[in-house]
file structure-v3.cif (mmCIF, C-alpha atoms, pLDDT in the B column; chains and numbers go by the auth columns)
data_upload
#
loop_
_atom_site.group_PDB
_atom_site.id
_atom_site.type_symbol
_atom_site.label_atom_id
_atom_site.label_comp_id
_atom_site.label_asym_id
_atom_site.label_seq_id
_atom_site.Cartn_x
_atom_site.Cartn_y
_atom_site.Cartn_z
_atom_site.B_iso_or_equiv
_atom_site.auth_seq_id
_atom_site.auth_asym_id
ATOM 1 C CA MET A 1 216.799 -21.683 -39.082 45.00 19 A
ATOM 2 C CA LEU A 2 214.892 -20.460 -42.123 36.00 20 A
ATOM 3 C CA LEU A 3 214.043 -17.229 -40.301 33.00 21 A
ATOM 4 C CA VAL A 4 217.694 -16.250 -40.477 32.00 22 A
ATOM 5 C CA LEU A 5 218.818 -18.140 -43.577 35.00 23 A
ATOM 6 C CA VAL A 6 216.053 -16.634 -45.692 28.00 24 A
ATOM 7 C CA THR A 7 217.612 -17.657 -48.968 26.00 25 A
ATOM 8 C CA PHE A 8 220.859 -19.222 -50.121 26.00 26 A
ATOM 9 C CA GLY A 9 221.709 -16.020 -51.984 28.00 27 A
ATOM 10 C CA LEU A 10 221.275 -13.805 -48.932 27.00 28 A
ATOM 11 C CA VAL A 11 223.872 -15.680 -46.925 31.00 29 A
ATOM 12 C CA ALA A 12 226.257 -16.352 -49.791 29.00 30 A
ATOM 13 C CA VAL A 13 226.302 -12.702 -50.828 26.00 31 A
ATOM 14 C CA GLY A 14 226.173 -11.306 -47.306 31.00 32 A
ATOM 15 C CA LEU A 15 229.088 -13.387 -46.066 32.00 33 A
ATOM 16 C CA GLY A 16 231.095 -13.432 -49.234 33.00 34 A
ATOM 17 C CA VAL A 17 231.788 -17.151 -48.867 33.00 35 A
ATOM 18 C CA SER A 18 231.632 -20.064 -51.234 31.00 36 A
ATOM 19 C CA ALA A 19 228.580 -22.330 -51.286 33.00 37 A
ATOM 20 C CA SER A 20 230.615 -25.380 -52.234 33.00 38 A
ATOM 21 C CA THR A 21 230.554 -28.538 -50.141 36.00 39 A
ATOM 22 C CA SER A 22 233.789 -29.582 -48.452 39.00 40 A
ATOM 23 C CA ASP A 23 234.131 -33.271 -47.595 42.00 41 A
ATOM 24 C CA GLU A 24 237.831 -33.128 -46.791 45.00 42 A
ATOM 25 C CA PRO A 25 238.732 -33.674 -43.129 45.00 43 A
ATOM 26 C CA SER A 26 240.778 -31.052 -41.335 49.00 44 A
ATOM 27 C CA GLU A 27 244.532 -31.627 -41.334 56.00 45 A
ATOM 28 C CA ALA A 28 244.369 -31.199 -37.545 78.00 46 A
ATOM 29 C CA VAL A 29 242.365 -34.408 -37.162 90.00 47 A
ATOM 30 C CA PRO A 30 244.587 -37.485 -36.686 93.00 48 A
ATOM 31 C CA GLU A 31 243.722 -40.741 -38.409 91.00 49 A
ATOM 32 C CA ASP A 32 243.007 -42.475 -35.122 91.00 50 A
ATOM 33 C CA ALA A 33 240.435 -39.895 -33.969 97.00 51 A
ATOM 34 C CA ALA A 34 237.116 -41.295 -32.758 98.00 52 A
ATOM 35 C CA THR A 35 233.851 -40.274 -34.427 98.00 53 A
ATOM 36 C CA ALA A 36 230.434 -39.443 -33.012 98.00 54 A
ATOM 37 C CA THR A 37 227.357 -38.224 -34.890 98.00 55 A
ATOM 38 C CA PHE A 38 224.458 -36.277 -33.404 98.00 56 A
ATOM 39 C CA ALA A 39 221.313 -34.753 -34.888 98.00 57 A
ATOM 40 C CA GLY A 40 220.009 -31.981 -32.675 95.00 58 A
ATOM 41 C CA GLY A 41 217.948 -29.586 -34.740 93.00 59 A
ATOM 42 C CA CYS A 42 219.768 -26.628 -36.265 92.00 60 A
ATOM 43 C CA PHE A 43 223.322 -27.795 -36.855 93.00 61 A
ATOM 44 C CA TRP A 44 224.713 -24.303 -36.314 92.00 62 A
ATOM 45 C CA CYS A 45 223.972 -24.594 -32.595 90.00 63 A
ATOM 46 C CA THR A 46 225.035 -28.221 -32.259 93.00 64 A
ATOM 47 C CA GLU A 47 228.326 -27.562 -34.027 95.00 65 A
ATOM 48 C CA ALA A 48 229.051 -24.537 -31.844 92.00 66 A
ATOM 49 C CA ALA A 49 228.529 -26.553 -28.652 91.00 67 A
ATOM 50 C CA PHE A 50 231.007 -29.270 -29.662 95.00 68 A
ATOM 51 C CA ASP A 51 233.522 -26.915 -31.289 91.00 69 A
ATOM 52 C CA MET A 52 234.007 -25.243 -27.922 86.00 70 A
ATOM 53 C CA THR A 53 234.736 -28.526 -26.140 92.00 71 A
ATOM 54 C CA GLU A 54 238.221 -29.609 -25.067 94.00 72 A
ATOM 55 C CA GLY A 55 239.187 -32.886 -26.702 96.00 73 A
ATOM 56 C CA VAL A 56 237.160 -32.265 -29.849 96.00 74 A
ATOM 57 C CA TYR A 57 239.294 -31.901 -32.960 97.00 75 A
ATOM 58 C CA GLU A 58 236.458 -30.641 -35.124 96.00 76 A
ATOM 59 C CA ALA A 59 232.698 -30.718 -35.545 97.00 77 A
ATOM 60 C CA ILE A 60 231.296 -30.718 -39.080 97.00 78 A
ATOM 61 C CA SER A 61 227.742 -29.705 -39.934 97.00 79 A
ATOM 62 C CA GLY A 62 226.047 -31.994 -42.415 97.00 80 A
ATOM 63 C CA TYR A 63 223.192 -34.281 -43.353 98.00 81 A
ATOM 64 C CA THR A 64 222.533 -37.927 -42.514 98.00 82 A
ATOM 65 C CA GLY A 65 219.760 -40.476 -42.228 97.00 83 A
ATOM 66 C CA GLY A 66 218.181 -39.904 -45.631 96.00 84 A
ATOM 67 C CA SER A 67 217.817 -41.582 -49.005 94.00 85 A
ATOM 68 C CA VAL A 68 219.329 -38.996 -51.382 96.00 86 A
ATOM 69 C CA GLU A 69 223.042 -39.150 -52.105 96.00 87 A
ATOM 70 C CA ASP A 70 225.010 -35.949 -51.462 96.00 88 A
ATOM 71 C CA PRO A 71 221.949 -33.746 -50.825 97.00 89 A
ATOM 72 C CA THR A 72 221.992 -29.960 -50.877 96.00 90 A
ATOM 73 C CA TYR A 73 220.723 -27.713 -48.115 96.00 91 A
ATOM 74 C CA GLU A 74 217.729 -26.777 -50.254 95.00 92 A
ATOM 75 C CA GLN A 75 216.809 -30.441 -50.691 97.00 93 A
ATOM 76 C CA VAL A 76 217.192 -31.303 -47.016 97.00 94 A
ATOM 77 C CA SER A 77 215.356 -28.196 -45.812 94.00 95 A
ATOM 78 C CA SER A 78 212.367 -29.198 -47.958 94.00 96 A
ATOM 79 C CA GLY A 79 211.899 -32.200 -45.675 94.00 97 A
ATOM 80 C CA THR A 80 211.636 -34.616 -48.605 94.00 98 A
ATOM 81 C CA THR A 81 214.996 -36.431 -48.498 97.00 99 A
ATOM 82 C CA GLY A 82 214.691 -38.092 -45.086 96.00 100 A
ATOM 83 C CA HIS A 83 217.910 -36.490 -43.855 98.00 101 A
ATOM 84 C CA ALA A 84 218.376 -34.756 -40.546 97.00 102 A
ATOM 85 C CA GLU A 85 220.687 -31.838 -39.959 97.00 103 A
ATOM 86 C CA ALA A 86 223.497 -33.361 -37.929 98.00 104 A
ATOM 87 C CA VAL A 87 227.027 -32.806 -36.695 98.00 105 A
ATOM 88 C CA GLN A 88 229.873 -35.285 -37.012 98.00 106 A
ATOM 89 C CA VAL A 89 232.364 -34.909 -34.178 98.00 107 A
ATOM 90 C CA SER A 90 235.992 -36.030 -34.391 98.00 108 A
ATOM 91 C CA TYR A 91 237.451 -36.322 -30.902 98.00 109 A
ATOM 92 C CA ASP A 92 240.254 -37.668 -28.731 97.00 110 A
ATOM 93 C CA PRO A 93 238.771 -40.313 -26.385 97.00 111 A
ATOM 94 C CA GLY A 94 241.794 -39.849 -24.155 96.00 112 A
ATOM 95 C CA LEU A 95 240.633 -36.314 -23.406 97.00 113 A
ATOM 96 C CA ILE A 96 236.869 -36.619 -23.629 97.00 114 A
ATOM 97 C CA SER A 97 234.722 -39.726 -23.437 98.00 115 A
ATOM 98 C CA TYR A 98 231.699 -40.636 -25.518 98.00 116 A
ATOM 99 C CA ASP A 99 229.616 -40.402 -22.331 98.00 117 A
ATOM 100 C CA GLU A 100 230.778 -36.816 -21.900 97.00 118 A
ATOM 101 C CA LEU A 101 229.810 -36.035 -25.494 98.00 119 A
ATOM 102 C CA LEU A 102 226.372 -37.484 -24.777 98.00 120 A
ATOM 103 C CA THR A 103 226.035 -35.188 -21.772 95.00 121 A
ATOM 104 C CA ILE A 104 226.798 -32.176 -23.960 95.00 122 A
ATOM 105 C CA TYR A 105 224.347 -33.397 -26.580 97.00 123 A
ATOM 106 C CA TRP A 106 221.415 -33.864 -24.184 96.00 124 A
ATOM 107 C CA ARG A 107 221.978 -30.402 -22.791 93.00 125 A
ATOM 108 C CA THR A 108 221.674 -28.745 -26.199 91.00 126 A
ATOM 109 C CA ILE A 109 218.312 -30.223 -27.264 95.00 127 A
ATOM 110 C CA ASP A 110 214.704 -30.843 -26.292 94.00 128 A
ATOM 111 C CA PRO A 111 214.620 -34.669 -26.478 97.00 129 A
ATOM 112 C CA THR A 112 210.828 -34.720 -26.033 96.00 130 A
ATOM 113 C CA ASP A 113 210.045 -32.884 -29.282 95.00 131 A
ATOM 114 C CA ALA A 114 209.241 -35.307 -32.122 94.00 132 A
ATOM 115 C CA GLY A 115 208.454 -32.562 -34.622 95.00 133 A
ATOM 116 C CA GLY A 116 211.700 -30.629 -34.709 92.00 134 A
ATOM 117 C CA GLN A 117 213.453 -28.231 -32.370 92.00 135 A
ATOM 118 C CA ASN A 118 212.230 -24.844 -31.209 86.00 136 A
ATOM 119 C CA TYR A 119 210.758 -23.000 -34.185 85.00 137 A
ATOM 120 C CA ASP A 120 212.529 -25.244 -36.703 90.00 138 A
ATOM 121 C CA ARG A 121 209.837 -27.733 -37.615 94.00 139 A
ATOM 122 C CA GLY A 122 210.014 -30.867 -39.709 96.00 140 A
ATOM 123 C CA SER A 123 211.794 -34.225 -39.744 96.00 141 A
ATOM 124 C CA GLN A 124 214.998 -32.569 -40.959 97.00 142 A
ATOM 125 C CA TYR A 125 215.270 -31.016 -37.476 96.00 143 A
ATOM 126 C CA ARG A 126 214.577 -34.198 -35.513 97.00 144 A
ATOM 127 C CA THR A 127 216.896 -35.397 -32.787 97.00 145 A
ATOM 128 C CA ALA A 128 218.804 -38.670 -33.115 98.00 146 A
ATOM 129 C CA ILE A 129 222.063 -40.267 -32.046 98.00 147 A
ATOM 130 C CA PHE A 130 223.774 -42.110 -34.903 98.00 148 A
ATOM 131 C CA VAL A 131 226.060 -44.730 -33.358 98.00 149 A
ATOM 132 C CA HIS A 132 229.201 -46.094 -35.003 98.00 150 A
ATOM 133 C CA ASP A 133 229.622 -49.319 -33.014 98.00 151 A
ATOM 134 C CA ASP A 134 228.035 -51.509 -30.367 98.00 152 A
ATOM 135 C CA GLU A 135 229.768 -49.700 -27.522 98.00 153 A
ATOM 136 C CA GLN A 136 228.359 -46.355 -28.617 98.00 154 A
ATOM 137 C CA ARG A 137 224.893 -47.902 -28.911 98.00 155 A
ATOM 138 C CA ALA A 138 225.052 -49.315 -25.383 98.00 156 A
ATOM 139 C CA LEU A 139 226.260 -46.024 -23.940 98.00 157 A
ATOM 140 C CA ALA A 140 223.725 -43.948 -25.896 98.00 158 A
ATOM 141 C CA GLU A 141 220.794 -46.161 -24.894 98.00 159 A
ATOM 142 C CA ALA A 142 221.893 -46.225 -21.248 98.00 160 A
ATOM 143 C CA SER A 143 222.280 -42.453 -21.253 98.00 161 A
ATOM 144 C CA ARG A 144 218.861 -41.966 -22.829 98.00 162 A
ATOM 145 C CA ASP A 145 217.238 -44.359 -20.350 97.00 163 A
ATOM 146 C CA ALA A 146 218.872 -42.597 -17.414 96.00 164 A
ATOM 147 C CA LEU A 147 217.610 -39.247 -18.655 95.00 165 A
ATOM 148 C CA ALA A 148 214.102 -40.640 -19.062 95.00 166 A
ATOM 149 C CA GLU A 149 214.165 -42.032 -15.528 95.00 167 A
ATOM 150 C CA SER A 150 215.539 -38.817 -14.034 92.00 168 A
ATOM 151 C CA GLY A 151 212.170 -37.067 -14.211 90.00 169 A
ATOM 152 C CA ARG A 152 213.804 -33.945 -15.607 92.00 170 A
ATOM 153 C CA PHE A 153 211.329 -33.820 -18.488 92.00 171 A
ATOM 154 C CA ASP A 154 207.558 -34.064 -18.138 90.00 172 A
ATOM 155 C CA GLU A 155 207.145 -35.663 -21.571 93.00 173 A
ATOM 156 C CA PRO A 156 208.633 -38.945 -22.907 96.00 174 A
ATOM 157 C CA ILE A 157 212.097 -38.927 -24.495 96.00 175 A
ATOM 158 C CA VAL A 158 211.659 -39.457 -28.250 97.00 176 A
ATOM 159 C CA THR A 159 215.284 -39.170 -29.426 98.00 177 A
ATOM 160 C CA GLU A 160 216.190 -42.296 -31.389 97.00 178 A
ATOM 161 C CA VAL A 161 219.457 -44.242 -31.278 98.00 179 A
ATOM 162 C CA LEU A 162 220.214 -45.356 -34.842 98.00 180 A
ATOM 163 C CA GLU A 163 222.992 -47.006 -36.815 98.00 181 A
ATOM 164 C CA ALA A 164 225.339 -44.481 -38.409 98.00 182 A
ATOM 165 C CA GLN A 165 224.488 -43.810 -42.033 97.00 183 A
ATOM 166 C CA PRO A 166 226.338 -41.943 -44.787 98.00 184 A
ATOM 167 C CA PHE A 167 227.177 -38.451 -43.612 98.00 185 A
ATOM 168 C CA TYR A 168 227.404 -35.596 -46.094 98.00 186 A
ATOM 169 C CA ALA A 169 229.153 -32.383 -45.082 97.00 187 A
ATOM 170 C CA ALA A 170 226.957 -29.343 -45.514 95.00 188 A
ATOM 171 C CA GLU A 171 227.887 -26.484 -47.799 94.00 189 A
ATOM 172 C CA GLU A 172 230.960 -24.544 -46.714 94.00 190 A
ATOM 173 C CA TYR A 173 229.006 -21.457 -45.662 92.00 191 A
ATOM 174 C CA HIS A 174 227.296 -23.530 -42.951 93.00 192 A
ATOM 175 C CA GLN A 175 230.587 -24.626 -41.373 95.00 193 A
ATOM 176 C CA ASP A 176 231.540 -22.536 -38.311 92.00 194 A
ATOM 177 C CA PHE A 177 228.524 -20.375 -39.043 88.00 195 A
ATOM 178 C CA TYR A 178 228.535 -18.971 -35.513 90.00 196 A
ATOM 179 C CA LEU A 179 231.985 -17.519 -36.275 92.00 197 A
ATOM 180 C CA LYS A 180 231.422 -16.509 -39.901 91.00 198 A
ATOM 181 C CA ALA A 181 228.140 -14.695 -39.282 87.00 199 A
ATOM 182 C CA PRO A 182 227.813 -13.940 -35.572 91.00 200 A
ATOM 183 C CA ASP A 183 225.022 -11.396 -36.086 91.00 201 A
ATOM 184 C CA TYR A 184 222.909 -13.866 -38.076 87.00 202 A
ATOM 185 C CA TYR A 185 223.683 -16.600 -35.579 89.00 203 A
ATOM 186 C CA GLU A 186 222.801 -14.506 -32.546 88.00 204 A
ATOM 187 C CA ALA A 187 219.565 -13.383 -34.196 88.00 205 A
ATOM 188 C CA TYR A 188 218.655 -17.008 -34.834 85.00 206 A
ATOM 189 C CA VAL A 189 219.506 -18.097 -31.296 85.00 207 A
ATOM 190 C CA ASP A 190 217.567 -15.209 -29.756 84.00 208 A
ATOM 191 C CA GLY A 191 214.540 -15.829 -31.939 81.00 209 A
ATOM 192 C CA SER A 192 214.493 -19.571 -31.416 80.00 210 A
ATOM 193 C CA GLN A 193 214.366 -19.334 -27.612 77.00 211 A
ATOM 194 C CA ARG A 194 216.600 -22.405 -27.582 78.00 212 A
ATOM 195 C CA TYR A 195 218.822 -21.337 -24.704 77.00 213 A
ATOM 196 C CA PRO A 196 216.123 -19.929 -22.414 79.00 214 A
ATOM 197 C CA PHE A 197 214.473 -23.353 -22.682 82.00 215 A
ATOM 198 C CA LEU A 198 217.722 -25.147 -21.853 83.00 216 A
ATOM 199 C CA GLU A 199 218.347 -22.840 -18.907 83.00 217 A
ATOM 200 C CA ARG A 200 214.902 -23.620 -17.548 84.00 218 A
ATOM 201 C CA ILE A 201 215.628 -27.353 -17.790 84.00 219 A
ATOM 202 C CA TRP A 202 219.268 -27.485 -16.708 86.00 220 A
ATOM 203 C CA GLY A 203 219.847 -24.264 -14.780 82.00 221 A
ATOM 204 C CA ASP A 204 222.365 -21.518 -15.385 48.00 222 A
ATOM 205 C CA GLU A 205 225.347 -23.920 -15.257 47.00 223 A
ATOM 206 C CA PRO A 206 224.593 -26.664 -17.810 42.00 224 A
ATOM 207 C CA GLU A 207 227.781 -28.547 -17.000 49.00 225 A
ATOM 208 C CA ASP A 208 226.380 -29.359 -13.556 43.00 226 A
ATOM 209 C CA ASP A 209 223.532 -31.869 -13.331 43.00 227 A
#

call {"tool": "encode", "arguments": {"input": "structure-v3.cif", "output": "structure tokens"}}
result
Amino acid sequence: MLLVLVTFGLVAVGLGVSASTSDEPSEAVPEDAATATFAGGCFWCTEAAFDMTEGVYEAISGYTGGSVEDPTYEQVSSGTTGHAEAVQVSYDPGLISYDELLTIYWRTIDPTDAGGQNYDRGSQYRTAIFVHDDEQRALAEASRDALAESGRFDEPIVTEVLEAQPFYAAEEYHQDFYLKAPDYYEAYVDGSQRYPFLERIWGDEPEDD
């Protein structure tokens, strides 16, 4: 992601958006919405995948799994806070199940890469599923085990299933980045080779196993 987001100033000036952090939930999200949290490398791509999914109220890019309270992008991107870039998904379980969210998640990442994702390297780009209850843990572990046993990947699955930890929304300019800065986003996606890899693994129609 650093290839595109060269500096904070470049994006802030280029987009004309505020760099403030917004922790307020969208008014469109009802109080009884379910929550899922996924770390899948660059949160721009992970957020875009879930934002486009029916039954998802919103997907927020942010940071979780670290030791620093309310970290900034600069702190997390240094790899020193222990956080991973992640997306917190608010969804309607009557329209989309947690299992279906897991399917989307697996098909947006390389779960065999312990050092990051694509050309984003470092623990801040690791993959992990942060579960919010015992049911999510059971489903996430079963899904991971099934993927490992499928033989789809030549290398072992290294994605961890972890207890949910404090989640901090990323700076506002990161939210809906694929919509705010489509040229930057497309340049990142093209350079990362993320989707050619996923197409090789899952085929041209990722919704079909």

call {"tool": "closest_residue", "arguments": {"input": "structure-v3.cif", "among": "A:Ala102, A:Val149, A:Val94, A:Met70", "to": "A:Thr55", "atoms": "only C-alpha atoms"}}
result
A:Val149

call {"tool": "residues_around", "arguments": {"input": "structure-v3.cif", "residues": "stretch 164-180 of chain A", "least_positions_apart": "5", "cutoff": "8 Å", "atoms": "all atoms listed in the file", "output": "list in words"}}
result
Pro129, Thr130, Asp131, Ala132, Arg144, Thr145, Ala146, Ile147, Phe148, Val149, Arg155, Ala158, Glu159 and Ile219 of chain A

call {"tool": "resolve_selection", "arguments": {"input": "structure-v3.cif", "expression": "the PyMOL selection byres ((chain A and resi 150) around 8)", "output": "number ranges by chain"}}
result
A: 53-54, 148-149, 151-152, 154-155, 181-182

call {"tool": "write_last_selection", "arguments": {"input": "structure-v3.cif", "atoms": "C-alpha atoms", "output": "CSV table (one decimal), in the frame of the given file"}}
result
chain,number,residue,atom,x,y,z
A,53,THR,CA,233.9,-40.3,-34.4
A,54,ALA,CA,230.4,-39.4,-33.0
A,148,PHE,CA,223.8,-42.1,-34.9
A,149,VAL,CA,226.1,-44.7,-33.4
A,151,ASP,CA,229.6,-49.3,-33.0
A,152,ASP,CA,228.0,-51.5,-30.4
A,154,GLN,CA,228.4,-46.4,-28.6
A,155,ARG,CA,224.9,-47.9,-28.9
A,181,GLU,CA,223.0,-47.0,-36.8
A,182,ALA,CA,225.3,-44.5,-38.4

call {"tool": "closest_residue", "arguments": {"input": "structure-v3.cif", "among": "A:Ala51, A:Ala57, A:Ala46, A:Ile114", "to": "A:Gln135", "atoms": "all atoms listed in the file"}}
result
A:Ala57

call {"tool": "residues_around", "arguments": {"input": "structure-v3.cif", "residues": "A:Val86", "least_positions_apart": "4", "cutoff": "10 Å", "atoms": "all atoms listed in the file", "output": "PyMOL selection string"}}
result
chain A and resi 82+90+93-94+98-101

call {"tool": "atom_distance", "arguments": {"input": "structure-v3.cif", "atom1": "atom CA of A:Gln211", "atom2": "atom CA of A:Ala66"}}
result
16.1 Å

call {"tool": "atom_distance", "arguments": {"input": "structure-v3.cif", "atom1": "atom CA of A:Ala188", "atom2": "atom CA of A:Phe215"}}
result
26.7 Å

call {"tool": "closest_residue", "arguments": {"input": "structure-v3.cif", "among": "A:Gly59, A:Pro48, A:Gly209, A:Pro184", "to": "A:Tyr123", "atoms": "only C-alpha atoms"}}
result
A:Gly59

call {"tool": "closest_residue", "arguments": {"input": "structure-v3.cif", "among": "A:Ala199, A:Leu157, A:Ala187, A:Cys60", "to": "A:Ser79", "atoms": "all atoms listed in the file"}}
result
A:Ala187

call {"tool": "atom_distance", "arguments": {"input": "structure-v3.cif", "atom1": "atom CA of A:Thr126", "atom2": "atom CA of A:Arg212"}}
result
8.2 Å

call {"tool": "closest_residue", "arguments": {"input": "structure-v3.cif", "among": "A:Pro214, A:Gly80, A:Gly73, A:Gly58", "to": "A:Asp110", "atoms": "all atoms listed in the file"}}
result
A:Gly73

call {"tool": "closest_residue", "arguments": {"input": "structure-v3.cif", "among": "A:Gly83, A:Phe56, A:Trp62, A:Ser95", "to": "A:Tyr202", "atoms": "only C-alpha atoms"}}
result
A:Trp62

call {"tool": "resolve_selection", "arguments": {"input": "structure-v3.cif", "expression": "the PyMOL selection byres ((chain A and resi 69) around 12)", "output": "PyMOL selection string"}}
result
chain A and resi 61-68+70-79+105-109+119+122+193-197

call {"tool": "axis_aligned_box", "arguments": {"input": "structure-v3.cif", "around": "stretch 188-198 of chain A", "padding_each_side": "3 Å", "output": "JSON"}}
result
{"center_x": 229.5, "center_y": -22.9, "center_z": -41.7, "size_x": 11.0, "size_y": 18.8, "size_z": 18.3}

call {"tool": "decode", "arguments": {"input": "structure-v3.cif", "residues": "stretch 69-113 of chain A", "atoms": "C-alpha atoms", "output": "compact mmCIF listing (two decimals), in the first residue's frame"}}
result
# COMPACT_ATOMS: atom_id res chain seq x y z
CA ASP A 69 -18.92 -3.00 0.97
CA MET A 70 -20.19 -4.52 -2.26
CA THR A 71 -21.93 -7.40 -0.49
CA GLU A 72 -25.70 -7.60 0.02
CA GLY A 73 -26.57 -7.78 3.70
CA VAL A 74 -23.58 -5.73 4.81
CA TYR A 75 -24.53 -2.40 6.36
CA GLU A 76 -21.00 -1.05 6.36
CA ALA A 77 -17.35 -2.07 6.44
CA ILE A 78 -14.92 0.16 8.32
CA SER A 79 -11.17 0.13 7.75
CA GLY A 80 -9.13 0.22 10.93
CA TYR A 81 -6.50 -1.29 13.19
CA THR A 82 -6.69 -4.12 15.71
CA GLY A 83 -4.56 -6.67 17.51
CA GLY A 84 -1.92 -4.30 18.83
CA SER A 85 -0.75 -2.74 22.08
CA VAL A 86 -1.02 1.00 21.34
CA GLU A 87 -4.29 2.76 22.08
CA ASP A 88 -5.86 4.68 19.18
CA PRO A 89 -2.87 4.31 16.83
CA THR A 90 -2.34 6.40 13.72
CA TYR A 91 -1.69 5.05 10.24
CA GLU A 92 1.93 6.16 10.49
CA GLN A 93 2.39 4.21 13.71
CA VAL A 94 0.73 1.05 12.41
CA SER A 95 2.53 1.16 9.06
CA SER A 96 5.86 1.23 10.91
CA GLY A 97 5.12 -2.30 12.11
CA THR A 98 5.94 -1.44 15.72
CA THR A 99 2.49 -1.33 17.36
CA GLY A 100 1.45 -4.95 16.83
CA HIS A 101 -1.72 -3.92 15.00
CA ALA A 102 -2.95 -5.37 11.75
CA GLU A 103 -4.87 -3.45 9.13
CA ALA A 104 -8.37 -4.85 9.43
CA VAL A 105 -11.99 -4.27 8.49
CA GLN A 106 -14.92 -4.38 10.88
CA VAL A 107 -18.10 -5.49 9.14
CA SER A 108 -21.60 -4.67 10.39
CA TYR A 109 -24.12 -7.00 8.78
CA ASP A 110 -27.63 -8.42 8.85
CA PRO A 111 -27.38 -12.16 9.66
CA GLY A 112 -30.85 -12.58 8.21
CA LEU A 113 -29.48 -11.65 4.79
